[in-house]
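**Q** So I've got this file, target.cif, and it contains mmCIF, C-alpha atoms:
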data_target
loop_
_atom_site.group_PDB
_atom_site.id
_atom_site.type_symbol
_atom_site.label_atom_id
_atom_site.label_comp_id
_atom_site.auth_asym_id
_atom_site.auth_seq_id
_atom_site.Cartn_x
_atom_site.Cartn_y
_atom_site.Cartn_z
ATOM 1 C CA MET A 65 52.915 2.444 -4.994
ATOM 2 C CA SER A 66 50.775 5.278 -3.677
ATOM 3 C CA ILE A 67 47.242 4.641 -2.498
ATOM 4 C CA SER A 68 45.914 6.607 -5.472
ATOM 5 C CA GLU A 69 47.620 4.117 -7.799
ATOM 6 C CA GLN A 70 46.055 1.123 -6.108
ATOM 7 C CA ALA A 71 42.635 -0.252 -6.901
ATOM 8 C CA ILE A 72 40.323 0.436 -3.973
ATOM 9 C CA PRO A 73 38.496 -2.804 -3.120
ATOM 10 C CA PRO A 74 34.718 -2.863 -2.870
ATOM 11 C CA SER A 75 33.227 -2.088 0.523
ATOM 12 C CA SER A 76 32.026 -5.176 2.377
ATOM 13 C CA GLY A 77 28.561 -3.601 2.499
ATOM 14 C CA ARG A 78 28.277 -3.255 -1.297
ATOM 15 C CA LYS A 79 27.944 -6.135 -3.754
ATOM 16 C CA ASN A 80 28.801 -6.242 -7.443
ATOM 17 C CA ARG A 81 30.787 -3.004 -7.341
ATOM 18 C CA ARG A 82 33.944 -2.736 -9.401
ATOM 19 C CA PRO A 83 37.012 -1.456 -7.561
ATOM 20 C CA LEU A 84 37.669 2.269 -7.852
ATOM 21 C CA ASP A 85 40.736 3.242 -9.858
ATOM 22 C CA GLU A 86 42.789 6.428 -10.059
ATOM 23 C CA VAL A 87 40.451 7.977 -12.668
ATOM 24 C CA ASP A 88 37.418 7.392 -10.419
ATOM 25 C CA LEU A 89 39.238 9.056 -7.536
ATOM 26 C CA ARG A 90 40.134 12.066 -9.728
ATOM 27 C CA ILE A 91 36.482 12.352 -10.760
ATOM 28 C CA LEU A 92 35.335 12.233 -7.131
ATOM 29 C CA SER A 93 37.967 14.767 -6.113
ATOM 30 C CA THR A 94 36.828 17.165 -8.842
ATOM 31 C CA LEU A 95 33.144 16.709 -7.953
ATOM 32 C CA ARG A 96 33.968 17.444 -4.308
ATOM 33 C CA ASP A 97 35.269 20.871 -5.345
ATOM 34 C CA ASN A 98 32.483 21.555 -7.873
ATOM 35 C CA GLY A 99 29.435 19.307 -7.943
ATOM 36 C CA ARG A 100 27.857 21.411 -10.700
ATOM 37 C CA ILE A 101 30.690 20.961 -13.194
ATOM 38 C CA SER A 102 29.550 19.902 -16.673
ATOM 39 C CA MET A 103 30.459 16.436 -17.970
ATOM 40 C CA ALA A 104 32.530 18.055 -20.730
ATOM 41 C CA ALA A 105 34.535 20.127 -18.245
ATOM 42 C CA LEU A 106 34.885 17.140 -15.899
ATOM 43 C CA ALA A 107 36.167 14.994 -18.767
ATOM 44 C CA GLU A 108 38.732 17.639 -19.669
ATOM 45 C CA ARG A 109 39.816 18.025 -16.042
ATOM 46 C CA VAL A 110 40.436 14.289 -15.507
ATOM 47 C CA ASN A 111 41.706 13.663 -19.062
ATOM 48 C CA VAL A 112 39.056 11.121 -20.087
ATOM 49 C CA SER A 113 36.469 11.191 -22.878
ATOM 50 C CA ARG A 114 33.102 12.768 -22.117
ATOM 51 C CA ALA A 115 31.348 9.414 -22.656
ATOM 52 C CA GLY A 116 33.859 7.710 -20.368
ATOM 53 C CA VAL A 117 33.305 10.238 -17.591
ATOM 54 C CA TYR A 118 29.531 10.043 -17.978
ATOM 55 C CA ASN A 119 29.634 6.224 -17.753
ATOM 56 C CA ARG A 120 31.888 6.287 -14.703
ATOM 57 C CA VAL A 121 29.695 8.822 -12.877
ATOM 58 C CA GLU A 122 26.602 6.745 -13.721
ATOM 59 C CA GLN A 123 28.279 3.527 -12.503
ATOM 60 C CA MET A 124 29.432 5.131 -9.249
ATOM 61 C CA THR A 125 25.950 6.580 -8.699
ATOM 62 C CA GLU A 126 24.246 3.224 -9.332
ATOM 63 C CA ALA A 127 26.732 1.471 -7.027
ATOM 64 C CA GLY A 128 26.051 3.985 -4.246
ATOM 65 C CA VAL A 129 29.593 5.408 -4.243
ATOM 66 C CA ILE A 130 28.051 8.739 -5.237
ATOM 67 C CA ALA A 131 25.102 8.978 -2.883
ATOM 68 C CA GLY A 132 23.699 12.209 -4.331
ATOM 69 C CA PHE A 133 24.407 15.821 -5.193
ATOM 70 C CA SER A 134 23.541 18.725 -2.932
ATOM 71 C CA ALA A 135 24.439 22.342 -2.272
ATOM 72 C CA GLN A 136 26.856 23.235 0.511
ATOM 73 C CA ILE A 137 25.971 26.239 2.623
ATOM 74 C CA ASP A 138 27.639 28.479 5.173
ATOM 75 C CA PRO A 139 25.544 27.837 8.324
ATOM 76 C CA GLY A 140 26.283 31.295 9.728
ATOM 77 C CA LEU A 141 24.910 33.002 6.617
ATOM 78 C CA VAL A 142 21.547 31.255 7.029
ATOM 79 C CA GLY A 143 21.308 32.207 10.710
ATOM 80 C CA LEU A 144 22.707 29.067 12.351
ATOM 81 C CA ASP A 145 25.490 30.799 14.244
ATOM 82 C CA VAL A 146 26.003 28.189 16.972
ATOM 83 C CA CYS A 147 27.344 24.676 16.490
ATOM 84 C CA ALA A 148 27.631 22.143 19.316
ATOM 85 C CA LEU A 149 28.795 18.573 19.772
ATOM 86 C CA VAL A 150 26.518 16.554 22.035
ATOM 87 C CA PHE A 151 27.968 13.372 23.547
ATOM 88 C CA VAL A 152 25.301 10.916 24.668
ATOM 89 C CA THR A 153 25.429 7.839 26.894
ATOM 90 C CA VAL A 154 22.520 5.469 26.289
ATOM 91 C CA HIS A 155 20.940 2.916 28.624
ATOM 92 C CA PRO A 156 21.681 -0.665 27.554
ATOM 93 C CA GLN A 157 19.050 -2.447 25.461
ATOM 94 C CA SER A 158 17.515 0.803 24.202
ATOM 95 C CA TRP A 159 19.624 1.404 21.100
ATOM 96 C CA HIS A 160 16.915 0.926 18.512
ATOM 97 C CA ARG A 161 14.548 3.364 20.224
ATOM 98 C CA PHE A 162 17.406 5.863 20.590
ATOM 99 C CA ARG A 163 18.290 5.560 16.920
ATOM 100 C CA GLU A 164 14.675 5.979 15.829
ATOM 101 C CA GLY A 165 14.363 9.063 18.035
ATOM 102 C CA ILE A 166 17.524 10.677 16.630
ATOM 103 C CA LEU A 167 16.294 10.172 13.060
ATOM 104 C CA GLU A 168 13.252 12.294 13.920
ATOM 105 C CA MET A 169 15.276 15.261 15.268
ATOM 106 C CA PRO A 170 15.676 17.957 12.584
ATOM 107 C CA ASP A 171 18.272 19.834 14.685
ATOM 108 C CA VAL A 172 20.823 17.030 14.198
ATOM 109 C CA GLU A 173 23.182 17.541 11.256
ATOM 110 C CA TYR A 174 25.255 14.440 11.980
ATOM 111 C CA CYS A 175 25.096 11.509 14.390
ATOM 112 C CA CYS A 176 27.505 8.630 14.904
ATOM 113 C CA ILE A 177 27.781 5.739 17.336
ATOM 114 C CA THR A 178 31.176 5.871 19.065
ATOM 115 C CA THR A 179 33.535 3.843 21.203
ATOM 116 C CA GLY A 180 34.920 5.126 24.479
ATOM 117 C CA GLU A 181 33.319 7.019 27.321
ATOM 118 C CA HIS A 182 30.195 8.057 25.401
ATOM 119 C CA ASP A 183 27.985 6.025 23.099
ATOM 120 C CA ALA A 184 27.034 8.561 20.436
ATOM 121 C CA MET A 185 27.971 11.999 19.192
ATOM 122 C CA LEU A 186 25.533 14.474 17.655
ATOM 123 C CA LEU A 187 26.473 17.611 15.759
ATOM 124 C CA VAL A 188 23.706 20.172 16.149
ATOM 125 C CA ARG A 189 23.236 23.719 14.917
ATOM 126 C CA SER A 190 21.119 26.517 16.350
ATOM 127 C CA MET A 191 20.509 30.232 16.020
ATOM 128 C CA ASP A 192 21.768 30.859 19.572
ATOM 129 C CA ILE A 193 23.080 29.203 22.741
ATOM 130 C CA GLY A 194 19.573 29.128 24.195
ATOM 131 C CA GLY A 195 18.461 26.989 21.266
ATOM 132 C CA VAL A 196 21.243 24.481 21.936
ATOM 133 C CA HIS A 197 20.379 24.403 25.657
ATOM 134 C CA THR A 198 16.685 23.839 24.971
ATOM 135 C CA PHE A 199 17.416 21.077 22.478
ATOM 136 C CA VAL A 200 19.972 19.274 24.667
ATOM 137 C CA THR A 201 18.007 19.423 27.921
ATOM 138 C CA GLY A 202 14.465 19.391 26.601
ATOM 139 C CA VAL A 203 14.757 16.962 23.709
ATOM 140 C CA VAL A 204 17.869 14.756 23.916
ATOM 141 C CA ALA A 205 18.237 14.406 27.696
ATOM 142 C CA ALA A 206 14.469 14.001 28.077
ATOM 143 C CA ARG A 207 14.433 10.755 26.086
ATOM 144 C CA PRO A 208 14.081 7.701 28.354
ATOM 145 C CA GLU A 209 16.897 5.882 26.512
ATOM 146 C CA VAL A 210 19.437 8.579 27.435
ATOM 147 C CA LYS A 211 21.515 8.037 30.562
ATOM 148 C CA SER A 212 23.669 11.197 30.368
ATOM 149 C CA VAL A 213 24.532 14.066 28.025
ATOM 150 C CA VAL A 214 27.626 16.256 27.701
ATOM 151 C CA SER A 215 27.520 19.191 25.283
ATOM 152 C CA VAL A 216 30.449 21.198 23.925
ATOM 153 C CA VAL A 217 30.042 24.438 21.985
ATOM 154 C CA VAL A 218 32.232 24.628 18.863
ATOM 155 C CA LEU A 219 34.251 27.861 18.769
ATOM 156 C CA ASP A 220 35.634 27.521 15.247
ATOM 157 C CA GLU A 221 35.231 24.959 12.456
ATOM 158 C CA VAL A 222 38.738 24.705 11.072
ATOM 159 C CA VAL A 223 38.170 21.925 8.509
ATOM 160 C CA ARG A 224 34.833 20.879 7.068
ATOM 161 C CA LYS A 225 34.961 18.707 3.934
ATOM 162 C CA PRO A 226 32.080 16.969 2.173
ATOM 163 C CA TYR A 227 34.154 13.768 2.146
ATOM 164 C CA VAL A 228 37.708 12.412 2.236
ATOM 165 C CA LEU A 229 39.078 10.053 -0.421
ATOM 166 C CA PRO A 230 41.729 7.320 -0.071
ATOM 167 C CA SER A 231 43.902 9.316 -2.490
ATOM 168 C CA ASP A 232 43.894 12.238 0.003
ATOM 169 C CA LEU A 233 45.638 10.182 2.674
ATOM 170 C CA PRO A 234 49.432 10.413 2.887
ATOM 171 C CA ASP A 235 51.484 7.243 3.003
ATOM 172 C CA ARG A 236 52.271 6.593 6.664
ATOM 173 C CA SER A 237 53.360 2.991 6.266
ATOM 174 C CA GLY A 238 56.827 3.837 7.650
ATOM 175 C CA GLY A 239 55.398 4.346 11.145
ATOM 176 C CA SER A 240 56.014 2.075 14.083
ATOM 177 C CA GLY A 241 52.599 0.459 13.808
ATOM 178 C CA ARG A 242 51.932 1.170 17.485
ATOM 179 C CA LEU A 243 48.744 2.918 18.532
ATOM 180 C CA GLY A 244 50.493 5.023 21.158
ATOM 181 C CA MET A 245 48.091 6.575 23.645
ATOM 182 C CA THR A 246 44.989 5.718 21.616
ATOM 183 C CA ARG A 247 42.601 3.425 23.447
ATOM 184 C CA PHE A 248 39.786 1.632 21.666
ATOM 185 C CA THR A 249 36.753 0.304 23.481
ATOM 186 C CA THR A 250 34.714 -2.344 21.739
ATOM 187 C CA ALA A 251 31.015 -1.796 21.178
ATOM 188 C CA GLY A 252 28.902 -3.360 23.871
ATOM 189 C CA ASN A 253 25.479 -3.441 25.454
ATOM 190 C CA GLY A 254 23.740 -3.953 22.134
ATOM 191 C CA ARG A 255 25.623 -1.263 20.191
ATOM 192 C CA ASP A 256 27.240 -3.855 17.921
ATOM 193 C CA GLY A 257 23.756 -4.856 16.772
ATOM 194 C CA VAL A 258 22.766 -1.359 15.599
ATOM 195 C CA ALA A 259 22.657 -1.745 11.840
ATOM 196 C CA ALA A 260 23.942 1.071 9.680
ATOM 197 C CA ARG A 261 21.511 2.763 7.323
#
With the file now loaded, output its structure as structure tokens.
**A**
Amino acid sequence: MSISEQAIPPSSGRKNRRPLDEVDLRILSTLRDNGRISMAALAERVNVSRAGVYNRVEQMTEAGVIAGFSAQIDPGLVGLDVCALVFVTVHPQSWHRFREGILEMPDVEYCCITTGEHDAMLLVRSMDIGGVHTFVTGVVAARPEVKSVVSVVVLDEVVRKPYVLPSDLPDRSGGSGRLGMTRFTTAGNGRDGVAAR
């Protein structure tokens, strides 16, 4: 049975949410390609009645599966020609202040807490390299919670999707089950207590 044929169980962070089925995944896949599609066209695309599609979209929105609708842009066409990944190491016991500070930085498109050598990764965009340098050294590295910063300029964004669905993932269950060279480092120094928002 493929993953798209299986019911996707509710996330542990969500209560009272019905499992997603194959129709829900087809709806989400279609909305990923065209968020402005009409309910009638969406219903025709996924082979469900218009009322059924409308109800499913409403249910997934109320449950938080669909978190919102927004336009996607080409950063270069709005003048943000430079993208950089900023890897940050944070002093222990200062996670909450670091998180609060990141939330107030409009330059940050994406931030995640990570395992491994660094504690967090920021994706930032700027009009030029000087803008990235000023932001990294003058804003991020200047915060008292930050121990060290490593920045990497992105040369080309090969894949950028709004989201990935379980039905997108190929079946790799025939693998050896070994992690190979991958090394995971558990969260420590207070990182495990940083609640997701």
**Q** Please identify every residue of range 197-216 of chain A that has at least one atom no farther than 12 Å from an atom of range 167-178 of chain A, counting only C-alpha atoms, and for each give the shortest atom pair and the distance in Å to one decimal, arranged by chain then increasing number, as a tab-separated table.
**A**
residue	atom	partner	partner_atom	distance
A:Thr198	CA	A:Asp171	CA	11.2
A:Phe199	CA	A:Asp171	CA	7.9
A:Val200	CA	A:Asp171	CA	10.1
A:Val203	CA	A:Met169	CA	8.6
A:Val204	CA	A:Met169	CA	9.0
A:Arg207	CA	A:Met169	CA	11.7
**Q** Just to confirm, what's the straight-line distance from CA of Asp145 in chain A to CA of Leu186 in chain A in Å (one decimal)?
**A**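 That distance, rounded to one decimal, is 16.7 Å.
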**Q** Which residues are close to Gly132 in chain A, i.e. within 12 Å by all atoms listed in the file, leaving aside same-chain residues fewer than 6 positions away? Reply as a list in words.
**A**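 Those residues are Leu92, Leu95, Arg96, Gly99, Arg100, Val121, Glu122, Met124, Thr125, Glu126 and Pro226 of chain A.
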**Q** Could you state the separation of CA of Asp88 in chain A and CA of Val117 in chain A in Å, given to one decimal place?
**A**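 Between these atoms lies a distance of 8.7 Å.
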**Q** A:Leu106, A:Val210, A:Ala205, A:Leu229: which is nearest His155 in chain A, counting all atoms listed in the file?
**A**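 Looking at the shortest contact to His155 in chain A, the residue is A:Val210.
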**Q** Between A:Pro83, A:Gly165, A:Gly116, A:Gly140, which is the closest to Asp192 in chain A once you count all atoms listed in the file?
**A**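 Under the stated criterion, the closest residue is A:Gly140.
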**Q** Using Å and a single decimal, report how far CA of Asp97 in chain A sits from CA of Val129 in chain A.
**A**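 So the two atoms, CA of Val129 in chain A and CA of Asp97 in chain A, lie 16.5 Å apart.
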**Q** Which one is closest to Ala184 in chain A: A:Val196, A:Pro208, A:Thr153, A:Arg161? Count only C-alpha atoms.
**A**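 Checking each of A:Val196, A:Pro208, A:Thr153, A:Arg161 against Ala184 in chain A, counting only C-alpha atoms, the winner is A:Thr153.
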**Q** Near Ser102 in chain A, counting all atoms listed in the file, which residues have an atom at most 12 Å away, once you skip same-chain residues fewer than 5 positions from it, shown as a list in words?
**A** Ile91, Thr94, Leu95, Ala107, Glu108, Arg109, Arg114, Val117, Tyr118 and Val121 of chain A
**Q** Under the rule that all atoms listed in the file are counted, which of A:Val218, A:Val228, A:Ala127, A:Val146 is the nearest residue to Ser93 in chain A?
**A**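 When distances to Ser93 in chain A are compared using all atoms listed in the file, the smallest one comes from A:Val228.
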**Q** Using all atoms listed in the file, pick whichever of A:Ser113, A:Ser190, A:Asn119, A:Asn98 has the shortest atom-to-atom distance to Ala135 in chain A.
**A**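 The answer is A:Asn98, which sits nearest to Ala135 in chain A.
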**Q** Using only C-alpha atoms for the distances, tell me which of A:Leu144, A:Ile166, A:Val214, A:Leu149 is nearest to Gly195 in chain A.
**A**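 The closest residue to Gly195 in chain A is A:Leu144.
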**Q** Evaluated on this file, the PyMOL selection byres ((chain A and resi 232) around 10) picks out some residues - which ones are they, written as a PDB file with C-alpha atoms, in the coordinates of the input?
**A**
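Result went into expr-v4.pdb, see below:
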ATOM      1  CA  ILE A  67      47.242   4.641  -2.498  1.00  0.00           C
ATOM      2  CA  SER A  68      45.914   6.607  -5.472  1.00  0.00           C
ATOM      3  CA  LEU A  89      39.238   9.056  -7.536  1.00  0.00           C
ATOM      4  CA  SER A  93      37.967  14.767  -6.113  1.00  0.00           C
ATOM      5  CA  VAL A 228      37.708  12.412   2.236  1.00  0.00           C
ATOM      6  CA  LEU A 229      39.078  10.053  -0.421  1.00  0.00           C
ATOM      7  CA  PRO A 230      41.729   7.320  -0.071  1.00  0.00           C
ATOM      8  CA  SER A 231      43.902   9.316  -2.490  1.00  0.00           C
ATOM      9  CA  LEU A 233      45.638  10.182   2.674  1.00  0.00           C
ATOM     10  CA  PRO A 234      49.432  10.413   2.887  1.00  0.00           C
ATOM     11  CA  ASP A 235      51.484   7.243   3.003  1.00  0.00           C
TER      12      ASP A 235
END
**Q** Taking only C-alpha atoms, show range 127-254 of chain A of the given structure as a PDB file, in the first residue's frame.
**A**
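Below is the file part12.pdb, written as the result:
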ATOM      1  CA  ALA A 127      -7.876  22.059  11.917  1.00  0.00           C
ATOM      2  CA  GLY A 128      -4.799  24.104  10.982  1.00  0.00           C
ATOM      3  CA  VAL A 129      -3.689  21.734   8.203  1.00  0.00           C
ATOM      4  CA  ILE A 130      -4.184  24.634   5.793  1.00  0.00           C
ATOM      5  CA  ALA A 131      -2.543  27.492   7.647  1.00  0.00           C
ATOM      6  CA  GLY A 132      -3.462  30.187   5.118  1.00  0.00           C
ATOM      7  CA  PHE A 133      -3.275  31.285   1.506  1.00  0.00           C
ATOM      8  CA  SER A 134      -0.641  33.641   0.163  1.00  0.00           C
ATOM      9  CA  ALA A 135       1.031  34.696  -3.064  1.00  0.00           C
ATOM     10  CA  GLN A 136       4.404  33.257  -4.030  1.00  0.00           C
ATOM     11  CA  ILE A 137       6.917  35.668  -5.493  1.00  0.00           C
ATOM     12  CA  ASP A 138      10.223  35.524  -7.325  1.00  0.00           C
ATOM     13  CA  PRO A 139      12.598  37.269  -4.867  1.00  0.00           C
ATOM     14  CA  GLY A 140      14.902  38.441  -7.659  1.00  0.00           C
ATOM     15  CA  LEU A 141      12.056  40.230  -9.442  1.00  0.00           C
ATOM     16  CA  VAL A 142      11.301  42.316  -6.342  1.00  0.00           C
ATOM     17  CA  GLY A 143      14.959  43.278  -5.888  1.00  0.00           C
ATOM     18  CA  LEU A 144      16.082  40.648  -3.372  1.00  0.00           C
ATOM     19  CA  ASP A 145      18.890  39.235  -5.482  1.00  0.00           C
ATOM     20  CA  VAL A 146      20.972  37.718  -2.676  1.00  0.00           C
ATOM     21  CA  CYS A 147      19.984  34.788  -0.483  1.00  0.00           C
ATOM     22  CA  ALA A 148      22.128  33.511   2.391  1.00  0.00           C
ATOM     23  CA  LEU A 149      21.975  30.779   5.003  1.00  0.00           C
ATOM     24  CA  VAL A 150      23.146  31.935   8.420  1.00  0.00           C
ATOM     25  CA  PHE A 151      24.148  29.229  10.908  1.00  0.00           C
ATOM     26  CA  VAL A 152      24.050  30.418  14.509  1.00  0.00           C
ATOM     27  CA  THR A 153      25.463  28.964  17.723  1.00  0.00           C
ATOM     28  CA  VAL A 154      23.699  30.272  20.825  1.00  0.00           C
ATOM     29  CA  HIS A 155      24.965  30.566  24.400  1.00  0.00           C
ATOM     30  CA  PRO A 156      23.272  28.077  26.735  1.00  0.00           C
ATOM     31  CA  GLN A 157      20.297  29.317  28.756  1.00  0.00           C
ATOM     32  CA  SER A 158      19.531  32.150  26.329  1.00  0.00           C
ATOM     33  CA  TRP A 159      17.196  30.377  23.915  1.00  0.00           C
ATOM     34  CA  HIS A 160      14.040  32.288  24.724  1.00  0.00           C
ATOM     35  CA  ARG A 161      15.718  35.673  24.274  1.00  0.00           C
ATOM     36  CA  PHE A 162      17.275  34.455  21.013  1.00  0.00           C
ATOM     37  CA  ARG A 163      13.921  33.254  19.729  1.00  0.00           C
ATOM     38  CA  GLU A 164      12.197  36.509  20.657  1.00  0.00           C
ATOM     39  CA  GLY A 165      14.942  38.470  18.900  1.00  0.00           C
ATOM     40  CA  ILE A 166      14.681  36.416  15.694  1.00  0.00           C
ATOM     41  CA  LEU A 167      10.913  36.956  15.557  1.00  0.00           C
ATOM     42  CA  GLU A 168      11.561  40.704  15.409  1.00  0.00           C
ATOM     43  CA  MET A 169      13.978  40.516  12.435  1.00  0.00           C
ATOM     44  CA  PRO A 170      12.156  41.288   9.162  1.00  0.00           C
ATOM     45  CA  ASP A 171      15.154  40.126   7.079  1.00  0.00           C
ATOM     46  CA  VAL A 172      14.591  36.496   8.134  1.00  0.00           C
ATOM     47  CA  GLU A 173      12.441  34.474   5.733  1.00  0.00           C
ATOM     48  CA  TYR A 174      12.851  31.207   7.627  1.00  0.00           C
ATOM     49  CA  CYS A 175      14.410  30.088  10.906  1.00  0.00           C
ATOM     50  CA  CYS A 176      14.747  26.622  12.398  1.00  0.00           C
ATOM     51  CA  ILE A 177      16.431  25.147  15.454  1.00  0.00           C
ATOM     52  CA  THR A 178      18.842  22.405  14.360  1.00  0.00           C
ATOM     53  CA  THR A 179      20.906  19.528  15.668  1.00  0.00           C
ATOM     54  CA  GLY A 180      24.613  19.214  14.991  1.00  0.00           C
ATOM     55  CA  GLU A 181      27.400  21.755  15.008  1.00  0.00           C
ATOM     56  CA  HIS A 182      25.142  24.825  14.940  1.00  0.00           C
ATOM     57  CA  ASP A 183      22.002  25.561  16.917  1.00  0.00           C
ATOM     58  CA  ALA A 184      19.868  27.427  14.389  1.00  0.00           C
ATOM     59  CA  MET A 185      19.702  28.211  10.700  1.00  0.00           C
ATOM     60  CA  LEU A 186      18.295  31.423   9.241  1.00  0.00           C
ATOM     61  CA  LEU A 187      17.441  32.007   5.601  1.00  0.00           C
ATOM     62  CA  VAL A 188      17.808  35.696   4.816  1.00  0.00           C
ATOM     63  CA  ARG A 189      17.372  37.754   1.671  1.00  0.00           C
ATOM     64  CA  SER A 190      18.923  41.079   0.721  1.00  0.00           C
ATOM     65  CA  MET A 191      19.350  43.412  -2.222  1.00  0.00           C
ATOM     66  CA  ASP A 192      23.136  42.906  -2.205  1.00  0.00           C
ATOM     67  CA  ILE A 193      26.035  41.200  -0.420  1.00  0.00           C
ATOM     68  CA  GLY A 194      26.629  44.316   1.667  1.00  0.00           C
ATOM     69  CA  GLY A 195      23.110  43.998   3.048  1.00  0.00           C
ATOM     70  CA  VAL A 196      23.763  40.404   4.110  1.00  0.00           C
ATOM     71  CA  HIS A 197      27.079  41.404   5.721  1.00  0.00           C
ATOM     72  CA  THR A 198      25.490  44.275   7.635  1.00  0.00           C
ATOM     73  CA  PHE A 199      22.640  42.087   8.847  1.00  0.00           C
ATOM     74  CA  VAL A 200      24.849  39.154   9.894  1.00  0.00           C
ATOM     75  CA  THR A 201      27.536  41.183  11.662  1.00  0.00           C
ATOM     76  CA  GLY A 202      25.504  44.135  12.866  1.00  0.00           C
ATOM     77  CA  VAL A 203      22.258  42.461  13.870  1.00  0.00           C
ATOM     78  CA  VAL A 204      22.616  38.693  14.389  1.00  0.00           C
ATOM     79  CA  ALA A 205      26.195  38.496  15.693  1.00  0.00           C
ATOM     80  CA  ALA A 206      25.637  41.592  17.840  1.00  0.00           C
ATOM     81  CA  ARG A 207      22.981  39.870  19.957  1.00  0.00           C
ATOM     82  CA  PRO A 208      24.335  38.847  23.380  1.00  0.00           C
ATOM     83  CA  GLU A 209      22.778  35.367  23.069  1.00  0.00           C
ATOM     84  CA  VAL A 210      24.841  34.566  19.957  1.00  0.00           C
ATOM     85  CA  LYS A 211      28.129  32.741  20.454  1.00  0.00           C
ATOM     86  CA  SER A 212      29.158  32.414  16.780  1.00  0.00           C
ATOM     87  CA  VAL A 213      27.802  32.897  13.259  1.00  0.00           C
ATOM     88  CA  VAL A 214      28.685  31.268   9.936  1.00  0.00           C
ATOM     89  CA  SER A 215      27.061  32.618   6.772  1.00  0.00           C
ATOM     90  CA  VAL A 216      26.887  30.962   3.354  1.00  0.00           C
ATOM     91  CA  VAL A 217      25.722  32.759   0.218  1.00  0.00           C
ATOM     92  CA  VAL A 218      23.288  30.712  -1.894  1.00  0.00           C
ATOM     93  CA  LEU A 219      24.400  30.547  -5.538  1.00  0.00           C
ATOM     94  CA  ASP A 220      21.286  28.906  -6.969  1.00  0.00           C
ATOM     95  CA  GLU A 221      17.952  27.777  -5.510  1.00  0.00           C
ATOM     96  CA  VAL A 222      17.349  24.504  -7.300  1.00  0.00           C
ATOM     97  CA  VAL A 223      14.144  23.428  -5.514  1.00  0.00           C
ATOM     98  CA  ARG A 224      11.804  25.693  -3.590  1.00  0.00           C
ATOM     99  CA  LYS A 225       8.353  24.268  -2.803  1.00  0.00           C
ATOM    100  CA  PRO A 226       5.648  25.772  -0.603  1.00  0.00           C
ATOM    101  CA  TYR A 227       5.324  22.396   1.142  1.00  0.00           C
ATOM    102  CA  VAL A 228       5.867  18.654   0.712  1.00  0.00           C
ATOM    103  CA  LEU A 229       3.096  16.098   1.248  1.00  0.00           C
ATOM    104  CA  PRO A 230       3.364  12.481   2.460  1.00  0.00           C
ATOM    105  CA  SER A 231       2.017  11.393  -0.940  1.00  0.00           C
ATOM    106  CA  ASP A 232       5.062  13.032  -2.609  1.00  0.00           C
ATOM    107  CA  LEU A 233       7.491  10.717  -0.836  1.00  0.00           C
ATOM    108  CA  PRO A 234       8.576   7.558  -2.664  1.00  0.00           C
ATOM    109  CA  ASP A 235       8.389   4.227  -0.890  1.00  0.00           C
ATOM    110  CA  ARG A 236      11.876   3.510   0.441  1.00  0.00           C
ATOM    111  CA  SER A 237      10.891   0.760   2.846  1.00  0.00           C
ATOM    112  CA  GLY A 238      13.158  -1.720   1.015  1.00  0.00           C
ATOM    113  CA  GLY A 239      16.276   0.041   2.317  1.00  0.00           C
ATOM    114  CA  SER A 240      18.659  -1.382   4.858  1.00  0.00           C
ATOM    115  CA  GLY A 241      17.273   0.760   7.658  1.00  0.00           C
ATOM    116  CA  ARG A 242      20.777   1.975   8.505  1.00  0.00           C
ATOM    117  CA  LEU A 243      21.483   5.680   8.795  1.00  0.00           C
ATOM    118  CA  GLY A 244      24.846   5.405   7.064  1.00  0.00           C
ATOM    119  CA  MET A 245      27.042   8.445   7.614  1.00  0.00           C
ATOM    120  CA  THR A 246      24.240  10.555   9.091  1.00  0.00           C
ATOM    121  CA  ARG A 247      24.914  11.638  12.654  1.00  0.00           C
ATOM    122  CA  PHE A 248      22.191  13.056  14.863  1.00  0.00           C
ATOM    123  CA  THR A 249      22.936  15.172  17.900  1.00  0.00           C
ATOM    124  CA  THR A 250      20.218  15.500  20.490  1.00  0.00           C
ATOM    125  CA  ALA A 251      19.007  18.933  21.515  1.00  0.00           C
ATOM    126  CA  GLY A 252      20.729  20.204  24.611  1.00  0.00           C
ATOM    127  CA  ASN A 253      21.461  23.254  26.705  1.00  0.00           C
ATOM    128  CA  GLY A 254      17.816  24.250  26.881  1.00  0.00           C
TER     129      GLY A 254
END
